[in-house]
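To be precise, the following lines are upload-v2.cif, and they hold mmCIF, C-alpha atoms.
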data_start
loop_
_atom_site.label_atom_id
_atom_site.label_comp_id
_atom_site.auth_asym_id
_atom_site.auth_seq_id
_atom_site.Cartn_x
_atom_site.Cartn_y
_atom_site.Cartn_z
CA MET A 1 -15.29 -0.51 29.32
CA ASN A 2 -16.62 -3.89 30.55
CA SER A 3 -20.17 -2.66 29.98
CA LEU A 4 -19.61 -2.75 26.22
CA THR A 5 -22.07 -4.85 24.28
CA LYS A 6 -20.92 -7.15 21.51
CA PRO A 7 -20.60 -5.08 18.29
CA PRO A 8 -21.69 -6.19 14.82
CA GLN A 9 -19.16 -7.76 12.47
CA ILE A 10 -16.04 -5.62 12.25
CA TYR A 11 -13.74 -6.05 9.27
CA VAL A 12 -10.09 -5.03 8.99
CA THR A 13 -11.13 -2.16 6.77
CA GLN A 14 -14.15 -0.60 5.14
CA PRO A 15 -14.14 1.46 1.95
CA LEU A 16 -14.50 5.19 2.44
CA LEU A 17 -17.63 6.26 0.56
CA PRO A 18 -19.13 9.75 0.42
CA PRO A 19 -22.92 10.20 0.35
CA LEU A 20 -24.23 8.82 -2.94
CA ALA A 21 -26.15 12.03 -3.64
CA GLU A 22 -22.84 13.94 -3.78
CA PHE A 23 -21.59 11.67 -6.57
CA MET A 24 -24.66 12.07 -8.77
CA PRO A 25 -23.69 15.49 -10.24
CA TYR A 26 -20.37 13.98 -11.38
CA LEU A 27 -22.19 11.13 -13.11
CA GLU A 28 -24.59 13.57 -14.73
CA ARG A 29 -21.64 15.46 -16.24
CA ILE A 30 -20.19 12.19 -17.59
CA TRP A 31 -23.57 11.24 -19.07
CA GLY A 32 -23.80 14.68 -20.56
CA ASN A 33 -20.41 14.81 -22.28
CA LYS A 34 -20.36 11.07 -23.09
CA ILE A 35 -16.61 10.79 -22.44
CA LEU A 36 -16.01 7.60 -20.49
CA THR A 37 -12.26 7.05 -20.89
CA ASN A 38 -9.15 8.02 -22.90
CA GLY A 39 -8.03 10.89 -20.68
CA GLY A 40 -11.30 12.79 -20.33
CA PRO A 41 -11.84 15.96 -18.29
CA PHE A 42 -12.14 14.27 -14.89
CA HIS A 43 -9.03 12.20 -15.58
CA LYS A 44 -7.04 15.37 -16.30
CA GLN A 45 -8.49 17.17 -13.27
CA LEU A 46 -7.64 14.33 -10.92
CA GLU A 47 -4.03 14.09 -12.13
CA GLN A 48 -3.57 17.81 -11.47
CA ALA A 49 -5.38 17.72 -8.14
CA LEU A 50 -3.32 14.76 -6.91
CA CYS A 51 -0.05 16.44 -7.92
CA GLU A 52 -1.05 19.44 -5.82
CA TYR A 53 -2.32 17.45 -2.85
CA LEU A 54 0.55 14.97 -2.74
CA GLY A 55 3.30 17.46 -3.54
CA VAL A 56 4.61 15.62 -6.61
CA LYS A 57 5.53 16.88 -10.08
CA HIS A 58 3.99 14.31 -12.42
CA ILE A 59 1.39 11.60 -11.91
CA SER A 60 -0.22 9.16 -14.34
CA LEU A 61 -3.49 7.48 -13.40
CA PHE A 62 -4.03 3.74 -13.91
CA THR A 63 -6.91 1.33 -13.72
CA ASN A 64 -5.23 -0.38 -10.73
CA GLY A 65 -1.97 -0.47 -8.82
CA THR A 66 -0.83 -3.85 -10.16
CA LEU A 67 -0.92 -2.70 -13.78
CA ALA A 68 0.92 0.41 -12.65
CA LEU A 69 3.69 -1.74 -11.13
CA ILE A 70 3.93 -3.88 -14.26
CA THR A 71 4.11 -0.78 -16.43
CA ALA A 72 6.66 0.97 -14.21
CA LEU A 73 9.09 -1.86 -14.86
CA GLN A 74 8.47 -1.50 -18.60
CA VAL A 75 8.98 2.25 -18.43
CA LEU A 76 12.51 1.83 -17.06
CA ARG A 77 13.22 -1.20 -19.28
CA ILE A 78 14.04 -3.37 -16.27
CA THR A 79 15.35 -6.87 -17.01
CA GLY A 80 17.34 -9.60 -15.27
CA GLU A 81 17.07 -9.51 -11.48
CA VAL A 82 15.37 -7.10 -9.10
CA ILE A 83 15.96 -6.97 -5.34
CA THR A 84 12.75 -6.79 -3.37
CA THR A 85 11.07 -7.67 -0.07
CA PRO A 86 9.35 -10.92 0.92
CA TYR A 87 7.13 -8.99 3.35
CA SER A 88 4.47 -7.46 1.11
CA PHE A 89 1.32 -8.21 -0.83
CA VAL A 90 1.98 -10.65 -3.68
CA ALA A 91 1.43 -8.03 -6.40
CA THR A 92 4.88 -6.61 -5.65
CA ALA A 93 6.64 -9.79 -6.76
CA HIS A 94 4.00 -10.79 -9.32
CA SER A 95 4.73 -7.62 -11.28
CA LEU A 96 8.31 -8.88 -11.70
CA LEU A 97 7.28 -12.32 -12.93
CA TRP A 98 4.84 -10.79 -15.43
CA ASN A 99 7.81 -8.93 -16.90
CA GLY A 100 10.02 -12.04 -17.01
CA ILE A 101 12.19 -10.65 -14.19
CA LYS A 102 13.69 -12.78 -11.42
CA PRO A 103 12.86 -11.52 -7.91
CA VAL A 104 15.74 -11.62 -5.44
CA PHE A 105 14.40 -11.47 -1.89
CA VAL A 106 16.25 -9.68 0.89
CA ASP A 107 15.34 -9.63 4.58
CA ILE A 108 13.60 -6.73 6.30
CA ASP A 109 14.67 -4.33 9.04
CA PRO A 110 13.33 -5.52 12.43
CA VAL A 111 12.08 -2.03 13.41
CA THR A 112 10.67 -0.49 10.23
CA LEU A 113 9.79 -3.82 8.53
CA ASN A 114 11.02 -2.33 5.26
CA LEU A 115 13.72 -3.76 3.00
CA ASP A 116 16.94 -3.75 5.03
CA PRO A 117 19.54 -1.60 3.24
CA ALA A 118 22.34 -3.44 5.07
CA LYS A 119 21.35 -6.65 3.23
CA ILE A 120 21.00 -5.24 -0.28
CA GLU A 121 24.61 -5.09 -1.48
CA ALA A 122 25.27 -8.78 -0.77
CA ALA A 123 22.34 -9.67 -3.06
CA ILE A 124 23.57 -7.67 -6.06
CA THR A 125 24.84 -9.70 -9.02
CA PRO A 126 25.83 -8.75 -12.59
CA GLN A 127 22.20 -9.43 -13.55
CA THR A 128 20.73 -6.97 -11.00
CA THR A 129 19.12 -3.95 -12.66
CA ALA A 130 16.85 -2.47 -10.00
CA ILE A 131 15.62 -2.39 -6.42
CA MET A 132 11.89 -2.51 -5.63
CA PRO A 133 11.30 -1.65 -1.96
CA VAL A 134 7.89 -1.25 -0.29
CA HIS A 135 6.96 1.53 2.15
CA CYS A 136 5.43 -1.08 4.46
CA TYR A 137 2.29 0.08 6.32
CA GLY A 138 3.07 3.55 4.97
CA ASN A 139 6.34 3.93 6.92
CA PRO A 140 8.99 5.28 4.53
CA CYS A 141 11.99 3.17 3.61
CA ASP A 142 15.50 4.40 4.30
CA VAL A 143 15.43 6.18 0.97
CA GLU A 144 18.85 7.82 1.28
CA ARG A 145 20.73 4.58 1.92
CA ILE A 146 18.83 2.77 -0.82
CA GLN A 147 19.52 5.55 -3.31
CA ASN A 148 23.18 5.59 -2.38
CA ILE A 149 23.45 1.87 -3.12
CA ALA A 150 21.57 2.31 -6.38
CA ASP A 151 23.89 5.11 -7.46
CA ILE A 152 27.03 3.11 -6.68
CA TYR A 153 25.87 0.09 -8.67
CA GLY A 154 23.95 1.89 -11.42
CA LEU A 155 20.56 0.49 -10.42
CA LYS A 156 17.05 1.88 -10.85
CA VAL A 157 14.73 2.24 -7.85
CA ILE A 158 10.97 1.69 -8.12
CA TYR A 159 9.03 2.16 -4.89
CA ASP A 160 5.89 0.16 -4.30
CA ALA A 161 4.13 2.98 -2.47
CA ALA A 162 0.70 1.31 -2.32
CA HIS A 163 0.48 2.09 1.42
CA ALA A 164 2.02 5.55 1.32
CA PHE A 165 -0.68 7.92 0.04
CA GLY A 166 -0.18 11.33 1.65
CA VAL A 167 2.78 10.28 3.78
CA LYS A 168 5.42 12.95 4.39
CA SER A 169 8.80 12.76 6.07
CA GLY A 170 10.44 15.98 7.17
CA GLY A 171 7.62 17.83 5.44
CA GLN A 172 8.40 16.25 2.05
CA SER A 173 6.34 13.69 0.15
CA THR A 174 7.59 10.13 0.45
CA LEU A 175 6.61 9.71 -3.21
CA ASN A 176 9.41 11.97 -4.45
CA HIS A 177 12.09 9.30 -4.12
CA GLY A 178 13.50 6.74 -6.51
CA ASP A 179 13.00 6.75 -10.25
CA LEU A 180 9.29 5.95 -9.94
CA SER A 181 6.74 5.48 -7.15
CA VAL A 182 3.61 3.41 -7.62
CA LEU A 183 0.35 4.03 -5.77
CA SER A 184 -2.77 1.91 -5.31
CA PHE A 185 -6.27 3.39 -5.08
CA HIS A 186 -7.94 0.04 -4.39
CA ALA A 187 -11.16 0.07 -2.39
CA THR A 188 -9.33 -0.88 0.80
CA LYS A 189 -6.75 1.91 0.60
CA VAL A 190 -6.65 5.22 2.47
CA PHE A 191 -7.65 6.99 -0.75
CA ASN A 192 -9.73 4.93 -3.16
CA THR A 193 -11.27 5.38 -6.59
CA PHE A 194 -13.17 2.04 -6.32
CA GLU A 195 -10.23 0.55 -8.25
CA GLY A 196 -7.25 2.53 -9.41
CA GLY A 197 -3.57 3.32 -9.15
CA ALA A 198 -0.92 5.73 -10.34
CA ILE A 199 2.74 6.16 -11.21
CA VAL A 200 4.61 9.18 -9.88
CA SER A 201 7.35 10.33 -12.26
CA GLN A 202 10.19 12.76 -11.58
CA ASP A 203 10.23 14.43 -15.01
CA ALA A 204 7.93 15.18 -17.93
CA LYS A 205 9.77 12.91 -20.38
CA THR A 206 9.29 9.88 -18.13
CA LYS A 207 5.62 10.72 -17.61
CA GLN A 208 5.19 10.86 -21.38
CA ARG A 209 6.63 7.34 -21.70
CA VAL A 210 4.35 6.14 -18.90
CA ASP A 211 1.33 7.64 -20.63
CA HIS A 212 2.27 6.05 -23.96
CA LEU A 213 2.72 2.62 -22.38
CA LYS A 214 -0.59 2.70 -20.49
CA ASN A 215 -2.44 3.42 -23.75
CA PHE A 216 -1.19 0.69 -26.09
CA GLY A 217 1.87 2.76 -27.04
CA PHE A 218 -0.20 5.27 -29.04
CA VAL A 219 1.20 8.75 -29.65
CA ASP A 220 -1.62 9.67 -32.04
CA GLU A 221 -4.21 7.74 -33.99
CA VAL A 222 -1.68 6.43 -36.52
CA THR A 223 1.53 6.22 -34.48
CA VAL A 224 2.47 3.48 -31.99
CA VAL A 225 5.90 3.78 -30.35
CA ALA A 226 5.91 0.95 -27.79
CA PRO A 227 4.17 -2.36 -27.01
CA GLY A 228 1.86 -0.75 -24.47
CA ILE A 229 -1.01 -2.09 -22.41
CA ASN A 230 -4.50 -0.79 -21.63
CA GLY A 231 -4.04 0.63 -18.14
CA LYS A 232 -6.15 3.79 -18.39
CA MET A 233 -8.38 4.92 -15.52
CA SER A 234 -12.01 5.49 -16.52
CA GLU A 235 -13.81 8.82 -16.13
CA ILE A 236 -16.14 7.35 -13.50
CA ASN A 237 -13.20 6.31 -11.33
CA ALA A 238 -11.49 9.66 -11.84
CA ALA A 239 -14.65 11.60 -10.99
CA PHE A 240 -15.05 9.54 -7.83
CA GLY A 241 -11.44 10.37 -6.96
CA MET A 242 -12.15 14.09 -7.30
CA LEU A 243 -15.00 13.74 -4.80
CA GLN A 244 -12.90 11.58 -2.47
CA LEU A 245 -10.19 14.24 -2.26
CA GLN A 246 -12.68 16.59 -0.61
CA GLY A 247 -12.91 14.33 2.43
CA ILE A 248 -9.42 12.85 2.64
CA ASP A 249 -8.07 15.16 5.35
CA LEU A 250 -10.98 14.36 7.67
CA ALA A 251 -10.51 10.65 6.95
CA LEU A 252 -6.84 10.86 7.90
CA GLN A 253 -7.73 12.66 11.14
CA GLN A 254 -10.19 9.89 12.02
CA ARG A 255 -7.57 7.24 11.31
CA ARG A 256 -5.09 9.05 13.54
CA ALA A 257 -7.59 9.12 16.42
CA ILE A 258 -8.22 5.38 16.10
CA ASP A 259 -4.46 4.70 15.99
CA HIS A 260 -3.95 6.68 19.21
CA ARG A 261 -6.86 4.93 20.95
CA TYR A 262 -5.42 1.50 20.11
CA ARG A 263 -1.97 2.54 21.35
CA ASP A 264 -3.34 3.88 24.62
CA GLY A 265 -5.40 0.76 25.25
CA LEU A 266 -2.77 -1.80 24.26
CA ALA A 267 0.04 -0.14 26.21
CA ARG A 268 -1.20 -2.01 29.28
CA VAL A 269 -1.22 -5.45 27.59
CA PRO A 270 1.97 -7.48 28.20
CA GLY A 271 3.21 -9.41 25.19
CA ILE A 272 1.63 -7.10 22.60
CA THR A 273 3.75 -4.52 20.80
CA CYS A 274 2.81 -1.91 18.20
CA LEU A 275 4.80 -0.57 15.27
CA PRO A 276 6.87 2.39 16.52
CA LEU A 277 5.95 5.84 15.24
CA MET A 278 8.81 7.28 13.20
CA GLU A 279 10.21 10.72 13.99
CA ASN A 280 9.42 13.70 11.73
CA LEU A 281 6.77 11.62 9.98
CA GLN A 282 3.32 12.66 8.83
CA PRO A 283 1.75 9.18 8.58
CA ASN A 284 -1.53 8.14 7.01
CA HIS A 285 -2.37 5.37 9.52
CA ALA A 286 -3.24 3.03 6.66
CA TYR A 287 -2.85 -0.05 8.90
CA PHE A 288 -2.63 -0.85 12.58
CA PRO A 289 -0.38 -3.90 13.01
CA ILE A 290 0.27 -5.50 16.38
CA PHE A 291 2.88 -8.15 17.12
CA VAL A 292 2.21 -11.07 19.44
CA GLN A 293 5.34 -11.79 21.47
CA ASP A 294 6.38 -15.03 23.19
CA ASP A 295 5.27 -13.78 26.62
CA PHE A 296 1.67 -13.26 25.48
CA PRO A 297 -0.54 -16.05 26.91
CA GLN A 298 -1.81 -17.07 23.45
CA SER A 299 -0.16 -17.72 20.13
CA ARG A 300 -0.69 -15.27 17.30
CA ASP A 301 -3.02 -17.64 15.48
CA ALA A 302 -5.01 -18.38 18.66
CA LEU A 303 -5.55 -14.65 19.18
CA TYR A 304 -6.47 -14.23 15.52
CA LEU A 305 -9.12 -16.98 15.88
CA LYS A 306 -10.40 -15.50 19.14
CA LEU A 307 -10.99 -12.17 17.41
CA LYS A 308 -12.66 -13.94 14.50
CA ASN A 309 -14.93 -15.91 16.84
CA HIS A 310 -16.11 -12.56 18.22
CA ASP A 311 -16.81 -11.26 14.68
CA VAL A 312 -13.66 -9.14 14.56
CA TYR A 313 -12.11 -9.95 11.19
CA ALA A 314 -8.50 -8.85 11.55
CA ARG A 315 -5.90 -9.92 8.98
CA ARG A 316 -2.41 -11.35 9.21
CA TYR A 317 -0.68 -8.89 6.86
CA PHE A 318 1.72 -10.31 5.69
CA TYR A 319 1.35 -14.01 6.24
CA PRO A 320 2.40 -16.21 4.55
CA LEU A 321 5.48 -14.50 3.18
CA ILE A 322 5.59 -14.06 -0.58
CA THR A 323 8.49 -16.52 -0.57
CA ASP A 324 6.21 -19.25 0.80
CA PHE A 325 4.05 -19.32 -2.34
CA PRO A 326 4.86 -22.03 -4.89
CA MET A 327 6.00 -19.73 -7.69
CA TYR A 328 8.70 -18.23 -5.43
CA ARG A 329 9.75 -20.77 -2.81
CA GLY A 330 12.15 -22.56 -5.16
CA LEU A 331 14.33 -19.45 -5.51
CA SER A 332 17.58 -19.53 -3.54
CA SER A 333 16.82 -16.10 -2.07
CA ALA A 334 13.55 -17.50 -0.67
CA ALA A 335 15.32 -19.95 1.66
CA HIS A 336 14.16 -19.69 5.27
CA GLU A 337 17.64 -19.05 6.61
CA ASN A 338 17.99 -15.97 4.38
CA LEU A 339 14.91 -14.24 5.81
CA PRO A 340 14.87 -14.71 9.61
CA VAL A 341 13.41 -11.29 10.46
CA ALA A 342 10.66 -11.42 7.85
CA ARG A 343 9.74 -14.94 8.93
CA LYS A 344 9.60 -13.95 12.60
CA ILE A 345 7.45 -10.88 11.96
CA SER A 346 5.14 -12.80 9.62
CA GLY A 347 4.47 -15.23 12.47
CA GLN A 348 3.66 -12.43 14.94
CA VAL A 349 1.60 -9.89 13.04
CA ILE A 350 -2.11 -9.14 13.19
CA CYS A 351 -3.49 -6.01 11.53
CA LEU A 352 -6.44 -4.70 13.54
CA PRO A 353 -9.47 -2.96 12.04
CA ILE A 354 -8.90 0.70 11.22
CA TYR A 355 -11.04 2.90 9.01
CA PRO A 356 -13.01 6.16 9.23
CA GLY A 357 -16.28 5.46 11.00
CA LEU A 358 -14.96 2.71 13.27
CA ALA A 359 -16.64 3.54 16.57
CA GLU A 360 -14.58 4.22 19.71
CA GLU A 361 -16.53 1.58 21.64
CA HIS A 362 -15.65 -0.99 18.98
CA VAL A 363 -11.96 -0.13 19.28
CA ASP A 364 -12.31 -0.58 23.06
CA PHE A 365 -14.08 -3.91 22.54
CA ILE A 366 -11.18 -5.16 20.39
CA VAL A 367 -8.66 -4.00 23.01
CA GLU A 368 -10.62 -5.85 25.71
CA LEU A 369 -10.57 -9.05 23.68
CA ILE A 370 -6.81 -8.81 23.24
CA ALA A 371 -6.29 -7.96 26.92
CA GLY A 372 -8.25 -11.04 27.98
CA GLU A 373 -11.01 -9.01 29.60
CA ARG A 374 -13.60 -10.60 27.33
CA GLY A 375 -14.10 -14.11 25.98
#

Written as structure tokens, how would this file's structure read?
Amino acid sequence: MNSLTKPPQIYVTQPLLPPLAEFMPYLERIWGNKILTNGGPFHKQLEQALCEYLGVKHISLFTNGTLALITALQVLRITGEVITTPYSFVATAHSLLWNGIKPVFVDIDPVTLNLDPAKIEAAITPQTTAIMPVHCYGNPCDVERIQNIADIYGLKVIYDAAHAFGVKSGGQSTLNHGDLSVLSFHATKVFNTFEGGAIVSQDAKTKQRVDHLKNFGFVDEVTVVAPGINGKMSEINAAFGMLQLQGIDLALQQRRAIDHRYRDGLARVPGITCLPLMENLQPNHAYFPIFVQDDFPQSRDALYLKLKNHDVYARRYFYPLITDFPMYRGLSSAAHENLPVARKISGQVICLPIYPGLAEEHVDFIVELIAGERG
């Protein structure tokens, strides 16, 4: 392994792109039928194909995951306060503010890094209307406990499932939980449509409301039933998604191999821990987080800079916490003492590069840097 030469710049992820020539026939069909948006043939095909692949009943495509989150809250008419996690990408909480909803932050579980069900009930007030957990790094939340709490208190559950494409637990799709699940098809995600997203609904009536709201509230050319938004996915994005589905299983296999290679290499490095693999889980290996413990010879940020100085551009997902940003830090639920686990993890985490096409020797190079065998 010490004979490895220095690799080119390695980023935390790289968009999965099929050969350009394979996309050209799709573009030619779009140019031929001149349907660019408004639920064209590729849009309809992709919704059906994703339902079949993901094992869900109803899916509505969106131009991106953030608009899908914002719309999901509108679909369920959520108001007041929503309990959510501080350990996520900012879009989770931003979607609440855009709807005039107050986020109430609750600490995370120290093992799964998901919203801790044991902390939810204490955060419920008469103004609480919903819970918005995140399947962090694609690991499913404790959906049964969360649903039980929601049922007792009459709350809705919207899952931010941006990381959870294709994830199954006990053979069942993680997306079939809660009232709605929201996906992201951003360029950096396991499955991408350049930009895109989706809402998974549990029944046809809810999907119909989703579809009305993402298209200005139109039912037909003269009837508007809700103050909707323009969240429609274009035909080009949908066509690209159809092509991407052909290679997704191979991409997931490649991610799994990289995950295993990291785990094997880092098992010998004191002071570095990896996220445990959950039982009965079919993961998607969307991220590979490591956690720098106190007995590691460098701080987390020193290791992060060391990797960067060797052209390995890892990321500290999620640092800072959402609650550290100015629009949230004044909330009482954002106080440091309320979120000890999230704050600790945020100070330890580094997500290492993982994507189809990442060479084995580059994974080994990264492991050597962390182990102190280089630099």

Distance of CA of Pro320 (chain A) from CA of Gly347 (chain A), expressed in Å to one decimal place = 8.2 Å

Would you give me, as a tab-separated table, each residue of region 316-371 of chain A having an atom within 12 Å of an atom of region 135-150 of chain A, along with its shortest atom pair and that distance in Å to one decimal, using all atoms listed in the file and sorting by chain and residue number?
residue	atom	partner	partner_atom	distance
A:Tyr317	CA	A:Tyr137	CA	9.5
A:Phe318	CA	A:Cys136	CA	10.0
A:Cys351	CA	A:Tyr137	CA	9.9

request  = Find the residues around Leu69 (chain A) up to 8 Å (all atoms listed in the file counted), leave out those fewer than 6 positions away in its own chain, and share them as a ChimeraX atom specification.
outcome  = /A:92,95,160,182,199

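Here CA of Ile78 (chain A) stands at a distance of 9.2 Å from CA of Leu96 (chain A).
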
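With only C-alpha atoms as the atoms that count, the minimum distance from Lys232 (chain A) to the choices A:Ile258, A:Leu67, A:Ala93, A:Cys274 is reached by A:Leu67.
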
key: Nearest residue to Pro126 (chain A) from the set A:Gly32, A:Gly154, A:Pro8, A:Pro19 (distances using only C-alpha atoms)   = A:Gly154

ask   = To one decimal place, how far is CA of Gln244 (chain A) from CA of Leu61 (chain A) in Å?
value =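 So the answer is 15.0 Å.
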
5 Å per side around region 206-219 of chain A: axis-aligned box centre and edge lengths, as JSON:
{"center_x": 3.4, "center_y": 5.8, "center_z": -23.6, "size_x": 21.7, "size_y": 20.2, "size_z": 22.0}

ask   = Counting only C-alpha atoms, which of A:Leu305, A:Leu183, A:Leu115, A:Ala251 gets nearest to Phe165 (chain A)?
value = A:Leu183

request  = Select all residues near (14.0, -12.7, 0.8) (cut-off 9 Å, inclusive, file coordinates), counting only C-alpha atoms, and output them as an MDAnalysis selection string.
outcome  = chainID A and resid 83:87 103:108 322:323 332:336 338:339 342

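Among the candidates A:Ser184, A:Asn280, A:Gln293, A:Ser201, the one nearest to Ala91 (chain A) when counting all atoms listed in the file is A:Ser184.
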
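Between Pro25 (chain A) and the residues A:Met242, A:Leu277, A:Ala226, A:Ala123, the shortest atom-to-atom distance, using all atoms listed in the file, involves A:Met242.
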
task = Name the closest residue to Glu22 (chain A) among the candidates A:Gly247, A:Gly357, A:Gly231, A:Pro110; distances are taken between atoms, counting only C-alpha atoms.
result =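 Result for the nearest residue to Glu22 (chain A): A:Gly247.
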
request  = Using the chain letters and residue numbers of this document, give as a list in words the residues selected by the PyMOL selection byres ((chain A and resi 63) around 7).
outcome  =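 Expected selection for the PyMOL selection byres ((chain A and resi 63) around 7) here is Phe62, Asn64, Glu195, Gly196, Gly197, Gly231, Lys232 and Met233 of chain A.
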
Local residues around (18.1, -6.0, -12.8), at most 8 Å away, using all atoms listed in the file, as a list in words =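 Every polymer residue passing the test: Ile78, Thr79, Gly80, Glu81, Val82, Ile83, Ile101, Gln127, Thr128, Thr129, Ala130, Ile131 and Leu155 of chain A.
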
When you look at Thr206 (chain A) with a cut-off of 10 Å (counting all atoms listed in the file), what residues show up, excluding the ones that are within fewer than 3 positions of it in the same chain? I need them as a short mmCIF file (atom, residue, chain, number, x, y, z; two decimals) with C-alpha atoms, in the coordinates of the input.
data_model
loop_
_atom_site.label_atom_id
_atom_site.label_comp_id
_atom_site.auth_asym_id
_atom_site.auth_seq_id
_atom_site.Cartn_x
_atom_site.Cartn_y
_atom_site.Cartn_z
CA HIS A 58 3.99 14.31 -12.42
CA VAL A 75 8.98 2.25 -18.43
CA LEU A 76 12.51 1.83 -17.06
CA ASP A 179 13.00 6.75 -10.25
CA LEU A 180 9.29 5.95 -9.94
CA VAL A 200 4.61 9.18 -9.88
CA SER A 201 7.35 10.33 -12.26
CA GLN A 202 10.19 12.76 -11.58
CA ASP A 203 10.23 14.43 -15.01
CA ARG A 209 6.63 7.34 -21.70
CA VAL A 210 4.35 6.14 -18.90
CA ASP A 211 1.33 7.64 -20.63
CA HIS A 212 2.27 6.05 -23.96
#
